[in-house]
file final.pdb (PDB, C-alpha atoms)
ATOM      1  CA  MET A   1      21.457 -22.226  20.787  1.00  0.00           C
ATOM      2  CA  ASN A   2      24.849 -21.964  22.461  1.00  0.00           C
ATOM      3  CA  ASP A   3      26.531 -24.813  24.259  1.00  0.00           C
ATOM      4  CA  PRO A   4      26.378 -23.942  28.001  1.00  0.00           C
ATOM      5  CA  PHE A   5      29.747 -25.653  28.528  1.00  0.00           C
ATOM      6  CA  ALA A   6      31.636 -23.316  26.178  1.00  0.00           C
ATOM      7  CA  PRO A   7      32.049 -20.399  28.651  1.00  0.00           C
ATOM      8  CA  LEU A   8      33.552 -22.767  31.220  1.00  0.00           C
ATOM      9  CA  GLY A   9      35.771 -24.302  28.531  1.00  0.00           C
ATOM     10  CA  ARG A  10      37.122 -20.836  27.756  1.00  0.00           C
ATOM     11  CA  ALA A  11      37.654 -20.036  31.444  1.00  0.00           C
ATOM     12  CA  LEU A  12      39.472 -23.329  32.036  1.00  0.00           C
ATOM     13  CA  ALA A  13      41.738 -22.658  29.051  1.00  0.00           C
ATOM     14  CA  THR A  14      42.484 -19.103  30.220  1.00  0.00           C
ATOM     15  CA  ARG A  15      43.627 -20.486  33.560  1.00  0.00           C
ATOM     16  CA  ALA A  16      45.571 -23.318  31.872  1.00  0.00           C
ATOM     17  CA  VAL A  17      43.661 -25.966  33.826  1.00  0.00           C
ATOM     18  CA  ARG A  18      44.619 -29.529  32.920  1.00  0.00           C
ATOM     19  CA  TYR A  19      41.554 -31.715  32.486  1.00  0.00           C
ATOM     20  CA  LEU A  20      39.959 -34.219  30.138  1.00  0.00           C
ATOM     21  CA  LEU A  21      36.339 -34.470  29.133  1.00  0.00           C
ATOM     22  CA  ILE A  22      35.321 -38.082  29.759  1.00  0.00           C
ATOM     23  CA  GLY A  23      32.027 -39.965  30.189  1.00  0.00           C
ATOM     24  CA  VAL A  24      29.060 -39.891  27.859  1.00  0.00           C
ATOM     25  CA  SER A  25      29.612 -36.220  26.993  1.00  0.00           C
ATOM     26  CA  GLY A  26      33.103 -37.080  25.818  1.00  0.00           C
ATOM     27  CA  ALA A  27      31.879 -40.086  23.840  1.00  0.00           C
ATOM     28  CA  ASN A  28      29.288 -37.883  22.140  1.00  0.00           C
ATOM     29  CA  PHE A  29      32.091 -35.815  20.594  1.00  0.00           C
ATOM     30  CA  TYR A  30      33.227 -38.840  18.573  1.00  0.00           C
ATOM     31  CA  THR A  31      30.556 -38.429  15.994  1.00  0.00           C
ATOM     32  CA  HIS A  32      29.602 -38.806  12.435  1.00  0.00           C
ATOM     33  CA  PRO A  33      26.676 -36.769  11.047  1.00  0.00           C
ATOM     34  CA  ALA A  34      24.680 -40.014  10.783  1.00  0.00           C
ATOM     35  CA  ALA A  35      25.615 -41.210  14.255  1.00  0.00           C
ATOM     36  CA  SER A  36      23.381 -41.602  17.279  1.00  0.00           C
ATOM     37  CA  ARG A  37      24.198 -39.517  20.320  1.00  0.00           C
ATOM     38  CA  PHE A  38      23.505 -40.342  23.918  1.00  0.00           C
ATOM     39  CA  VAL A  39      21.524 -38.106  26.194  1.00  0.00           C
ATOM     40  CA  THR A  40      23.307 -37.174  29.395  1.00  0.00           C
ATOM     41  CA  ASP A  41      22.686 -34.541  32.010  1.00  0.00           C
ATOM     42  CA  ASP A  42      26.236 -33.696  32.893  1.00  0.00           C
ATOM     43  CA  TYR A  43      29.809 -33.196  31.766  1.00  0.00           C
ATOM     44  CA  ASP A  44      32.477 -35.274  33.503  1.00  0.00           C
ATOM     45  CA  LEU A  45      35.895 -33.641  33.724  1.00  0.00           C
ATOM     46  CA  PHE A  46      38.835 -35.783  34.851  1.00  0.00           C
ATOM     47  CA  LEU A  47      41.544 -33.807  36.655  1.00  0.00           C
ATOM     48  CA  PRO A  48      45.006 -34.887  37.856  1.00  0.00           C
ATOM     49  CA  LEU A  49      45.756 -35.253  41.572  1.00  0.00           C
ATOM     50  CA  ASP A  50      47.105 -31.701  41.655  1.00  0.00           C
ATOM     51  CA  SER A  51      45.717 -29.276  44.244  1.00  0.00           C
ATOM     52  CA  ALA A  52      46.971 -26.146  42.492  1.00  0.00           C
ATOM     53  CA  ASN A  53      45.254 -27.256  39.289  1.00  0.00           C
ATOM     54  CA  LEU A  54      42.026 -27.919  41.170  1.00  0.00           C
ATOM     55  CA  VAL A  55      42.100 -24.434  42.721  1.00  0.00           C
ATOM     56  CA  GLN A  56      42.393 -22.984  39.230  1.00  0.00           C
ATOM     57  CA  ALA A  57      39.479 -25.157  38.033  1.00  0.00           C
ATOM     58  CA  TRP A  58      37.304 -23.818  40.857  1.00  0.00           C
ATOM     59  CA  ALA A  59      38.386 -20.257  40.023  1.00  0.00           C
ATOM     60  CA  ALA A  60      37.425 -20.852  36.395  1.00  0.00           C
ATOM     61  CA  CYS A  61      33.936 -21.779  37.605  1.00  0.00           C
ATOM     62  CA  ASP A  62      33.774 -18.436  39.424  1.00  0.00           C
ATOM     63  CA  ASP A  63      34.920 -16.706  36.243  1.00  0.00           C
ATOM     64  CA  ALA A  64      32.123 -18.435  34.310  1.00  0.00           C
ATOM     65  CA  GLY A  65      29.496 -17.585  36.935  1.00  0.00           C
ATOM     66  CA  LEU A  66      28.909 -21.178  38.063  1.00  0.00           C
ATOM     67  CA  GLU A  67      28.035 -22.407  41.547  1.00  0.00           C
ATOM     68  CA  LEU A  68      30.278 -25.043  43.148  1.00  0.00           C
ATOM     69  CA  TRP A  69      29.088 -27.915  45.311  1.00  0.00           C
ATOM     70  CA  LEU A  70      30.626 -30.628  47.461  1.00  0.00           C
ATOM     71  CA  THR A  71      27.983 -33.350  47.742  1.00  0.00           C
ATOM     72  CA  ASP A  72      24.812 -31.380  48.579  1.00  0.00           C
ATOM     73  CA  ASP A  73      26.450 -28.323  50.119  1.00  0.00           C
ATOM     74  CA  PRO A  74      28.033 -25.267  48.547  1.00  0.00           C
ATOM     75  CA  LEU A  75      31.813 -25.651  48.424  1.00  0.00           C
ATOM     76  CA  ASP A  76      33.373 -23.773  51.351  1.00  0.00           C
ATOM     77  CA  ARG A  77      35.353 -20.591  50.933  1.00  0.00           C
ATOM     78  CA  PRO A  78      38.133 -19.740  50.750  1.00  0.00           C
ATOM     79  CA  ARG A  79      38.603 -22.149  47.895  1.00  0.00           C
ATOM     80  CA  ASP A  80      42.297 -22.299  48.473  1.00  0.00           C
ATOM     81  CA  ARG A  81      45.165 -24.768  48.329  1.00  0.00           C
ATOM     82  CA  TRP A  82      44.354 -26.163  51.801  1.00  0.00           C
ATOM     83  CA  LEU A  83      40.783 -26.999  50.792  1.00  0.00           C
ATOM     84  CA  ALA A  84      41.978 -28.488  47.511  1.00  0.00           C
ATOM     85  CA  ASP A  85      44.488 -30.651  49.409  1.00  0.00           C
ATOM     86  CA  GLN A  86      41.621 -32.101  51.462  1.00  0.00           C
ATOM     87  CA  VAL A  87      39.531 -32.795  48.358  1.00  0.00           C
ATOM     88  CA  VAL A  88      42.461 -34.385  46.508  1.00  0.00           C
ATOM     89  CA  ALA A  89      43.400 -36.553  49.501  1.00  0.00           C
ATOM     90  CA  ARG A  90      39.860 -37.926  49.579  1.00  0.00           C
ATOM     91  CA  ARG A  91      39.513 -38.168  45.786  1.00  0.00           C
ATOM     92  CA  ALA A  92      36.285 -36.241  46.327  1.00  0.00           C
ATOM     93  CA  LEU A  93      34.104 -34.991  43.538  1.00  0.00           C
ATOM     94  CA  THR A  94      33.114 -31.341  43.226  1.00  0.00           C
ATOM     95  CA  ARG A  95      30.233 -30.279  41.027  1.00  0.00           C
ATOM     96  CA  ALA A  96      29.516 -27.017  39.214  1.00  0.00           C
ATOM     97  CA  SER A  97      26.050 -25.937  38.190  1.00  0.00           C
ATOM     98  CA  GLY A  98      24.906 -23.084  36.027  1.00  0.00           C
ATOM     99  CA  PRO A  99      22.473 -21.730  33.458  1.00  0.00           C
ATOM    100  CA  ASN A 100      20.674 -23.998  30.965  1.00  0.00           C
ATOM    101  CA  GLU A 101      20.754 -26.856  33.486  1.00  0.00           C
ATOM    102  CA  LEU A 102      24.537 -27.112  33.128  1.00  0.00           C
ATOM    103  CA  LEU A 103      26.074 -29.693  35.470  1.00  0.00           C
ATOM    104  CA  VAL A 104      29.805 -30.322  35.481  1.00  0.00           C
ATOM    105  CA  ASP A 105      31.499 -32.916  37.671  1.00  0.00           C
ATOM    106  CA  PHE A 106      35.173 -32.448  38.517  1.00  0.00           C
ATOM    107  CA  THR A 107      36.382 -35.954  39.229  1.00  0.00           C
ATOM    108  CA  LEU A 108      39.854 -37.056  40.289  1.00  0.00           C
ATOM    109  CA  VAL A 109      39.168 -40.664  39.329  1.00  0.00           C
ATOM    110  CA  MET A 110      38.775 -42.311  35.922  1.00  0.00           C
ATOM    111  CA  LYS A 111      38.337 -45.998  36.600  1.00  0.00           C
ATOM    112  CA  GLY A 112      41.223 -47.973  35.095  1.00  0.00           C
ATOM    113  CA  PHE A 113      43.318 -44.935  34.114  1.00  0.00           C
ATOM    114  CA  GLU A 114      45.898 -42.605  35.596  1.00  0.00           C
ATOM    115  CA  PHE A 115      45.520 -39.033  34.369  1.00  0.00           C
ATOM    116  CA  GLU A 116      48.847 -38.940  32.521  1.00  0.00           C
ATOM    117  CA  THR A 117      48.069 -42.187  30.675  1.00  0.00           C
ATOM    118  CA  ALA A 118      44.812 -40.789  29.343  1.00  0.00           C
ATOM    119  CA  TRP A 119      46.367 -37.370  28.687  1.00  0.00           C
ATOM    120  CA  LYS A 120      49.050 -38.807  26.381  1.00  0.00           C
ATOM    121  CA  GLU A 121      46.430 -39.812  23.800  1.00  0.00           C
ATOM    122  CA  HIS A 122      43.815 -37.104  24.255  1.00  0.00           C
ATOM    123  CA  ARG A 123      42.347 -34.990  21.483  1.00  0.00           C
ATOM    124  CA  VAL A 124      41.335 -31.348  21.505  1.00  0.00           C
ATOM    125  CA  PHE A 125      37.923 -30.591  20.034  1.00  0.00           C
ATOM    126  CA  ARG A 126      36.499 -27.169  19.390  1.00  0.00           C
ATOM    127  CA  VAL A 127      33.145 -25.979  20.754  1.00  0.00           C
ATOM    128  CA  GLU A 128      32.343 -22.478  19.545  1.00  0.00           C
ATOM    129  CA  ASP A 129      35.612 -20.699  20.355  1.00  0.00           C
ATOM    130  CA  ALA A 130      36.681 -22.996  23.193  1.00  0.00           C
ATOM    131  CA  ASP A 131      39.206 -25.821  22.981  1.00  0.00           C
ATOM    132  CA  ILE A 132      37.999 -28.882  24.897  1.00  0.00           C
ATOM    133  CA  PRO A 133      40.611 -31.545  25.771  1.00  0.00           C
ATOM    134  CA  THR A 134      38.814 -34.868  25.420  1.00  0.00           C
ATOM    135  CA  ALA A 135      39.933 -38.375  26.358  1.00  0.00           C
ATOM    136  CA  ARG A 136      40.300 -40.971  23.639  1.00  0.00           C
ATOM    137  CA  LEU A 137      37.008 -42.740  22.917  1.00  0.00           C
ATOM    138  CA  THR A 138      38.581 -46.148  23.508  1.00  0.00           C
ATOM    139  CA  HIS A 139      39.746 -44.990  26.943  1.00  0.00           C
ATOM    140  CA  ILE A 140      36.269 -43.656  27.808  1.00  0.00           C
ATOM    141  CA  VAL A 141      34.703 -46.962  26.818  1.00  0.00           C
ATOM    142  CA  MET A 142      37.292 -49.083  28.657  1.00  0.00           C
ATOM    143  CA  SER A 143      36.824 -46.989  31.779  1.00  0.00           C
ATOM    144  CA  LYS A 144      33.079 -47.512  31.622  1.00  0.00           C
ATOM    145  CA  GLN A 145      33.598 -51.235  31.337  1.00  0.00           C
ATOM    146  CA  ALA A 146      35.952 -51.169  34.328  1.00  0.00           C
ATOM    147  CA  ALA A 147      33.421 -49.185  36.369  1.00  0.00           C
ATOM    148  CA  GLY A 148      30.785 -51.774  35.555  1.00  0.00           C
ATOM    149  CA  ARG A 149      27.772 -49.903  36.946  1.00  0.00           C
ATOM    150  CA  PRO A 150      24.394 -50.840  35.443  1.00  0.00           C
ATOM    151  CA  LYS A 151      24.214 -47.505  33.605  1.00  0.00           C
ATOM    152  CA  ASP A 152      27.682 -48.165  32.128  1.00  0.00           C
ATOM    153  CA  GLN A 153      26.624 -51.626  30.969  1.00  0.00           C
ATOM    154  CA  LEU A 154      23.574 -50.127  29.316  1.00  0.00           C
ATOM    155  CA  PHE A 155      25.665 -47.439  27.626  1.00  0.00           C
ATOM    156  CA  LEU A 156      28.222 -49.947  26.313  1.00  0.00           C
ATOM    157  CA  THR A 157      25.588 -52.279  24.925  1.00  0.00           C
ATOM    158  CA  THR A 158      23.731 -49.444  23.225  1.00  0.00           C
ATOM    159  CA  HIS A 159      26.910 -47.766  21.998  1.00  0.00           C
ATOM    160  CA  GLN A 160      28.234 -50.933  20.394  1.00  0.00           C
ATOM    161  CA  ASP A 161      24.907 -51.467  18.641  1.00  0.00           C
ATOM    162  CA  ALA A 162      24.849 -47.847  17.421  1.00  0.00           C
ATOM    163  CA  LEU A 163      28.391 -48.160  16.017  1.00  0.00           C
ATOM    164  CA  GLU A 164      27.539 -51.414  14.260  1.00  0.00           C
ATOM    165  CA  GLN A 165      24.539 -49.745  12.624  1.00  0.00           C
ATOM    166  CA  LEU A 166      26.535 -46.663  11.671  1.00  0.00           C
ATOM    167  CA  LEU A 167      29.684 -48.278  10.352  1.00  0.00           C
ATOM    168  CA  LYS A 168      28.005 -50.869   8.192  1.00  0.00           C
ATOM    169  CA  LYS A 169      26.492 -48.112   6.062  1.00  0.00           C
ATOM    170  CA  PRO A 170      28.067 -48.415   2.593  1.00  0.00           C
ATOM    171  CA  ASP A 171      29.260 -44.791   2.340  1.00  0.00           C
ATOM    172  CA  LEU A 172      31.202 -45.191   5.567  1.00  0.00           C
ATOM    173  CA  GLY A 173      33.039 -48.239   4.364  1.00  0.00           C
TER
ATOM    174  CA  MET B   1      -5.144 -55.633  38.973  1.00  0.00           C
ATOM    175  CA  ASP B   2      -5.601 -55.138  35.267  1.00  0.00           C
ATOM    176  CA  ASP B   3      -4.141 -58.147  33.396  1.00  0.00           C
ATOM    177  CA  GLU B   4      -2.090 -56.039  31.027  1.00  0.00           C
ATOM    178  CA  LEU B   5      -0.702 -53.898  33.827  1.00  0.00           C
ATOM    179  CA  GLU B   6       0.274 -57.028  35.716  1.00  0.00           C
ATOM    180  CA  ARG B   7       1.998 -58.405  32.614  1.00  0.00           C
ATOM    181  CA  VAL B   8       3.941 -55.145  32.152  1.00  0.00           C
ATOM    182  CA  LEU B   9       4.997 -55.079  35.805  1.00  0.00           C
ATOM    183  CA  ARG B  10       6.192 -58.688  35.588  1.00  0.00           C
ATOM    184  CA  GLY B  11       8.225 -57.738  32.523  1.00  0.00           C
ATOM    185  CA  LEU B  12       9.827 -54.834  34.369  1.00  0.00           C
ATOM    186  CA  GLU B  13      10.716 -57.088  37.300  1.00  0.00           C
ATOM    187  CA  LYS B  14      12.344 -59.577  34.925  1.00  0.00           C
ATOM    188  CA  ALA B  15      14.302 -56.763  33.248  1.00  0.00           C
ATOM    189  CA  ALA B  16      15.509 -55.500  36.634  1.00  0.00           C
ATOM    190  CA  GLU B  17      16.689 -59.008  37.565  1.00  0.00           C
ATOM    191  CA  PHE B  18      18.472 -59.363  34.208  1.00  0.00           C
ATOM    192  CA  VAL B  19      20.349 -56.071  34.686  1.00  0.00           C
ATOM    193  CA  LYS B  20      21.736 -57.321  38.013  1.00  0.00           C
ATOM    194  CA  THR B  21      23.421 -60.293  36.396  1.00  0.00           C
ATOM    195  CA  TYR B  22      24.262 -58.886  32.945  1.00  0.00           C
ATOM    196  CA  ARG B  23      27.925 -58.207  32.229  1.00  0.00           C
ATOM    197  CA  PHE B  24      28.991 -56.472  29.034  1.00  0.00           C
ATOM    198  CA  GLU B  25      31.891 -58.275  27.353  1.00  0.00           C
ATOM    199  CA  MET B  26      34.458 -56.191  25.490  1.00  0.00           C
ATOM    200  CA  THR B  27      35.189 -57.777  22.130  1.00  0.00           C
ATOM    201  CA  GLU B  28      37.798 -57.270  19.436  1.00  0.00           C
ATOM    202  CA  GLU B  29      34.935 -56.376  17.115  1.00  0.00           C
ATOM    203  CA  TYR B  30      33.806 -53.490  19.342  1.00  0.00           C
ATOM    204  CA  LEU B  31      37.390 -52.283  19.771  1.00  0.00           C
ATOM    205  CA  GLY B  32      37.700 -52.330  15.986  1.00  0.00           C
ATOM    206  CA  LEU B  33      34.549 -50.230  15.603  1.00  0.00           C
ATOM    207  CA  LEU B  34      35.918 -47.729  18.121  1.00  0.00           C
ATOM    208  CA  ALA B  35      39.204 -47.523  16.231  1.00  0.00           C
ATOM    209  CA  ARG B  36      37.375 -46.874  12.956  1.00  0.00           C
ATOM    210  CA  LEU B  37      35.321 -44.070  14.516  1.00  0.00           C
ATOM    211  CA  GLU B  38      38.410 -42.528  16.125  1.00  0.00           C
ATOM    212  CA  ALA B  39      40.227 -42.589  12.778  1.00  0.00           C
ATOM    213  CA  MET B  40      37.562 -40.557  10.946  1.00  0.00           C
ATOM    214  CA  PRO B  41      38.691 -37.071   9.859  1.00  0.00           C
ATOM    215  CA  GLN B  42      35.884 -35.398  11.823  1.00  0.00           C
ATOM    216  CA  ASN B  43      37.188 -36.977  15.019  1.00  0.00           C
ATOM    217  CA  GLN B  44      40.734 -35.624  14.918  1.00  0.00           C
ATOM    218  CA  SER B  45      42.058 -32.813  17.097  1.00  0.00           C
ATOM    219  CA  GLY B  46      40.822 -29.423  15.929  1.00  0.00           C
ATOM    220  CA  ALA B  47      37.440 -30.755  14.769  1.00  0.00           C
ATOM    221  CA  ASP B  48      34.495 -28.482  15.474  1.00  0.00           C
ATOM    222  CA  LYS B  49      31.931 -30.087  17.789  1.00  0.00           C
ATOM    223  CA  SER B  50      29.704 -27.046  18.245  1.00  0.00           C
ATOM    224  CA  HIS B  51      26.808 -28.957  16.668  1.00  0.00           C
ATOM    225  CA  VAL B  52      26.681 -31.688  19.322  1.00  0.00           C
ATOM    226  CA  TRP B  53      24.912 -29.873  22.169  1.00  0.00           C
ATOM    227  CA  PRO B  54      22.271 -28.136  19.959  1.00  0.00           C
ATOM    228  CA  GLY B  55      21.477 -31.518  18.397  1.00  0.00           C
ATOM    229  CA  LEU B  56      20.893 -33.095  21.787  1.00  0.00           C
ATOM    230  CA  GLN B  57      18.884 -30.093  22.955  1.00  0.00           C
ATOM    231  CA  ALA B  58      16.624 -30.335  19.894  1.00  0.00           C
ATOM    232  CA  TYR B  59      16.100 -34.013  20.705  1.00  0.00           C
ATOM    233  CA  ARG B  60      15.172 -33.165  24.320  1.00  0.00           C
ATOM    234  CA  ASN B  61      12.831 -30.398  23.159  1.00  0.00           C
ATOM    235  CA  SER B  62      11.044 -32.803  20.840  1.00  0.00           C
ATOM    236  CA  PHE B  63       9.622 -34.472  23.950  1.00  0.00           C
ATOM    237  CA  LYS B  64       8.369 -31.289  25.593  1.00  0.00           C
ATOM    238  CA  ASN B  65       5.006 -31.327  23.842  1.00  0.00           C
ATOM    239  CA  VAL B  66       4.435 -35.040  24.114  1.00  0.00           C
ATOM    240  CA  ARG B  67       1.131 -35.960  25.749  1.00  0.00           C
ATOM    241  CA  LEU B  68      -0.318 -39.306  26.645  1.00  0.00           C
ATOM    242  CA  LEU B  69      -3.292 -40.251  24.503  1.00  0.00           C
ATOM    243  CA  PRO B  70      -6.130 -42.225  26.072  1.00  0.00           C
ATOM    244  CA  ARG B  71      -6.060 -45.858  25.055  1.00  0.00           C
ATOM    245  CA  LYS B  72      -8.597 -46.865  22.429  1.00  0.00           C
ATOM    246  CA  PRO B  73     -11.127 -49.427  23.681  1.00  0.00           C
TER
END
call {"tool": "encode", "arguments": {"input": "final.pdb", "output": "structure tokens"}}
result
Amino acid sequence: MNDPFAPLGRALATRAVRYLLIGVSGANFYTHPAASRFVTDDYDLFLPLDSANLVQAWAACDDAGLELWLTDDPLDRPRDRWLADQVVARRALTRASGPNELLVDFTLVMKGFEFETAWKEHRVFRVEDADIPTARLTHIVMSKQAAGRPKDQLFLTTHQDALEQLLKKPDLG
Amino acid sequence: MDDELERVLRGLEKAAEFVKTYRFEMTEEYLGLLARLEAMPQNQSGADKSHVWPGLQAYRNSFKNVRLLPRKP
């Protein structure tokens, strides 16, 4: 089974798109073989407020054969700098969908963090042959606490419990 | 209404009310756990995470053949 995100990860890297994987998908990368993981239906990518970068992200979706959406409608064409300026000005979210139920949200907002702040401490994980820039786990968790939605509260409570169970195992010290 | 069903529905209502008022508190202990996980060798840049999605997919698939059994009298 191949990770459906990997082709997009490669396309984003080819186009030198700046982004960070955040959210539950990002938290799931901070693993130990004995660790619990959290089921999520989508990948959240945090992008800087940079229209040119966003245009390249959309183009990478085309390269990877993904559909792009703005709310419930297909994202207009041409997907150019003007359109990206409008999306950036509104901090709007665009979503890509593709095979294997892949859903990817391109967000311009990470509650509690500016892009450059999170970028300074990011890590790069490898999925198949794709490099995936990923926000620091502590930043992902702090952002979820700042967002404070019921689903974030549930995640934080469950995540803390899972870490307590994992890290008290003797072989993990 | 069946007594047990009514009891379950009351429980769900209570849980929904609790969620509205619950606020997760960040603690030094949790931050310490996060720091320990981040410091592990398998969580440094360059680490291979190709196993994460297949693991989750296997978990999802494990529910595909689940069926509800009739309750025993």
call {"tool": "closest_atom_pairs", "arguments": {"input": "final.pdb", "of": "chain B", "to": "chain A", "cutoff": "9 Å", "atoms": "only C-alpha atoms", "output": "Markdown table"}}
result
| residue | atom | partner | partner_atom | distance |
| --- | --- | --- | --- | --- |
| B:Val19 | CA | A:Pro150 | CA | 6.7 |
| B:Lys20 | CA | A:Pro150 | CA | 7.5 |
| B:Tyr22 | CA | A:Gln153 | CA | 7.9 |
| B:Arg23 | CA | A:Gln153 | CA | 6.8 |
| B:Phe24 | CA | A:Gln153 | CA | 5.7 |
| B:Glu25 | CA | A:Gln145 | CA | 8.3 |
| B:Met26 | CA | A:Gln145 | CA | 7.7 |
| B:Tyr30 | CA | A:Gln160 | CA | 6.2 |
| B:Leu31 | CA | A:Thr138 | CA | 7.3 |
| B:Leu33 | CA | A:Leu163 | CA | 6.5 |
| B:Leu34 | CA | A:Thr138 | CA | 6.2 |
| B:Ala35 | CA | A:Thr138 | CA | 7.4 |
| B:Arg36 | CA | A:Leu167 | CA | 8.2 |
| B:Leu37 | CA | A:Tyr30 | CA | 6.9 |
| B:Glu38 | CA | A:Tyr30 | CA | 6.8 |
| B:Met40 | CA | A:His32 | CA | 8.3 |
| B:Gln42 | CA | A:His32 | CA | 7.2 |
| B:Asn43 | CA | A:Tyr30 | CA | 5.6 |
| B:Gln44 | CA | A:Arg123 | CA | 6.8 |
| B:Ser45 | CA | A:Val124 | CA | 4.7 |
| B:Gly46 | CA | A:Phe125 | CA | 5.2 |
| B:Ala47 | CA | A:Phe125 | CA | 5.3 |
| B:Asp48 | CA | A:Arg126 | CA | 4.6 |
| B:Lys49 | CA | A:Val127 | CA | 5.2 |
| B:Ser50 | CA | A:Val127 | CA | 4.4 |
| B:His51 | CA | A:Val127 | CA | 8.1 |
| B:Val52 | CA | A:Phe29 | CA | 6.9 |
| B:Trp53 | CA | A:Asp3 | CA | 5.7 |
| B:Pro54 | CA | A:Met1 | CA | 6.0 |
| B:Gly55 | CA | A:Arg37 | CA | 8.7 |
| B:Leu56 | CA | A:Val39 | CA | 6.7 |
| B:Gln57 | CA | A:Met1 | CA | 8.6 |
| B:Tyr59 | CA | A:Val39 | CA | 8.7 |
| B:Arg60 | CA | A:Val39 | CA | 8.3 |
call {"tool": "atom_distance", "arguments": {"input": "final.pdb", "atom1": "atom CA of Gly65 of chain A", "atom2": "atom CA of Arg90 of chain A"}}
result
26.1 Å
call {"tool": "residues_around", "arguments": {"input": "final.pdb", "residues": "Phe113 of chain A", "least_positions_apart": "4", "cutoff": "9 Å", "atoms": "only C-alpha atoms", "output": "VMD selection string"}}
result
chain A and resid 109 117 to 118 139 143
call {"tool": "atom_distance", "arguments": {"input": "final.pdb", "atom1": "atom CA of Met110 of chain A", "atom2": "atom CA of Pro7 of chain A"}}
result
24.0 Å
call {"tool": "residues_near_point", "arguments": {"input": "final.pdb", "point": "(44.6, -38.6, 44.6)", "cutoff": "10 Å", "atoms": "only C-alpha atoms", "output": "list in words"}}
result
Leu47, Pro48, Leu49, Asp50, Ser51, Asp85, Gln86, Val87, Val88, Ala89, Arg90, Arg91, Ala92, Leu108, Val109 and Glu114 of chain A
call {"tool": "atom_distance", "arguments": {"input": "final.pdb", "atom1": "atom CA of Glu67 of chain A", "atom2": "atom CA of Arg18 of chain A"}}
result
20.0 Å
call {"tool": "resolve_selection", "arguments": {"input": "final.pdb", "expression": "the PyMOL selection byres ((chain A and resi 64) around 7)", "output": "ChimeraX atom specification"}}
result
/A:7-8,11,60-63,65-66
call {"tool": "write_last_selection", "arguments": {"input": "final.pdb", "atoms": "C-alpha atoms", "output": "CSV table (one decimal), in the frame of the given file"}}
result
chain,number,residue,atom,x,y,z
A,7,PRO,CA,32.0,-20.4,28.7
A,8,LEU,CA,33.6,-22.8,31.2
A,11,ALA,CA,37.7,-20.0,31.4
A,60,ALA,CA,37.4,-20.9,36.4
A,61,CYS,CA,33.9,-21.8,37.6
A,62,ASP,CA,33.8,-18.4,39.4
A,63,ASP,CA,34.9,-16.7,36.2
A,65,GLY,CA,29.5,-17.6,36.9
A,66,LEU,CA,28.9,-21.2,38.1
call {"tool": "resolve_selection", "arguments": {"input": "final.pdb", "expression": "the PyMOL selection byres ((chain A and resi 106) around 7)", "output": "NGL selection string"}}
result
:A and (44-47 or 93-95 or 104-105 or 107-108)
call {"tool": "axis_aligned_box", "arguments": {"input": "final.pdb", "around": "segment 15-27 of chain B", "padding_each_side": "6 Å", "output": "JSON"}}
result
{"center_x": 24.7, "center_y": -57.9, "center_z": 30.1, "size_x": 32.9, "size_y": 16.8, "size_z": 27.9}
call {"tool": "resolve_selection", "arguments": {"input": "final.pdb", "expression": "the PyMOL selection byres ((chain A and resi 70-80) around 7)", "output": "PDB file with C-alpha atoms, keeping the file's coordinate frame"}}
result
ATOM      1  CA  VAL A  55      42.100 -24.434  42.721  1.00  0.00           C
ATOM      2  CA  LEU A  68      30.278 -25.043  43.148  1.00  0.00           C
ATOM      3  CA  TRP A  69      29.088 -27.915  45.311  1.00  0.00           C
ATOM      4  CA  ARG A  81      45.165 -24.768  48.329  1.00  0.00           C
ATOM      5  CA  TRP A  82      44.354 -26.163  51.801  1.00  0.00           C
ATOM      6  CA  LEU A  83      40.783 -26.999  50.792  1.00  0.00           C
ATOM      7  CA  ALA A  84      41.978 -28.488  47.511  1.00  0.00           C
ATOM      8  CA  LEU A  93      34.104 -34.991  43.538  1.00  0.00           C
ATOM      9  CA  THR A  94      33.114 -31.341  43.226  1.00  0.00           C
ATOM     10  CA  ARG A  95      30.233 -30.279  41.027  1.00  0.00           C
TER      11      ARG A  95
END
call {"tool": "build_atoms", "arguments": {"input": "final.pdb", "residues": "segment 61-68 of chain B", "atoms": "N, CA and C atoms", "output": "short mmCIF file (atom, residue, chain, number, x, y, z; two decimals), in the coordinates of the input"}}
result
data_model
loop_
_atom_site.label_atom_id
_atom_site.label_comp_id
_atom_site.auth_asym_id
_atom_site.auth_seq_id
_atom_site.Cartn_x
_atom_site.Cartn_y
_atom_site.Cartn_z
N ASN B 61 14.00 -31.27 23.35
CA ASN B 61 12.83 -30.40 23.16
C ASN B 61 11.71 -31.11 22.43
N SER B 62 12.07 -32.10 21.61
CA SER B 62 11.04 -32.80 20.84
C SER B 62 10.07 -33.54 21.76
N PHE B 63 10.50 -33.76 23.01
CA PHE B 63 9.62 -34.47 23.95
C PHE B 63 8.77 -33.53 24.80
N LYS B 64 9.05 -32.23 24.69
CA LYS B 64 8.37 -31.29 25.59
C LYS B 64 6.87 -31.24 25.37
N ASN B 65 6.44 -31.43 24.13
CA ASN B 65 5.01 -31.33 23.84
C ASN B 65 4.32 -32.68 23.73
N VAL B 66 5.03 -33.71 24.17
CA VAL B 66 4.43 -35.04 24.11
C VAL B 66 3.30 -35.15 25.13
N ARG B 67 2.19 -35.72 24.76
CA ARG B 67 1.13 -35.96 25.75
C ARG B 67 0.62 -37.38 25.56
N LEU B 68 0.17 -37.94 26.65
CA LEU B 68 -0.32 -39.31 26.64
C LEU B 68 -1.74 -39.34 26.11
#
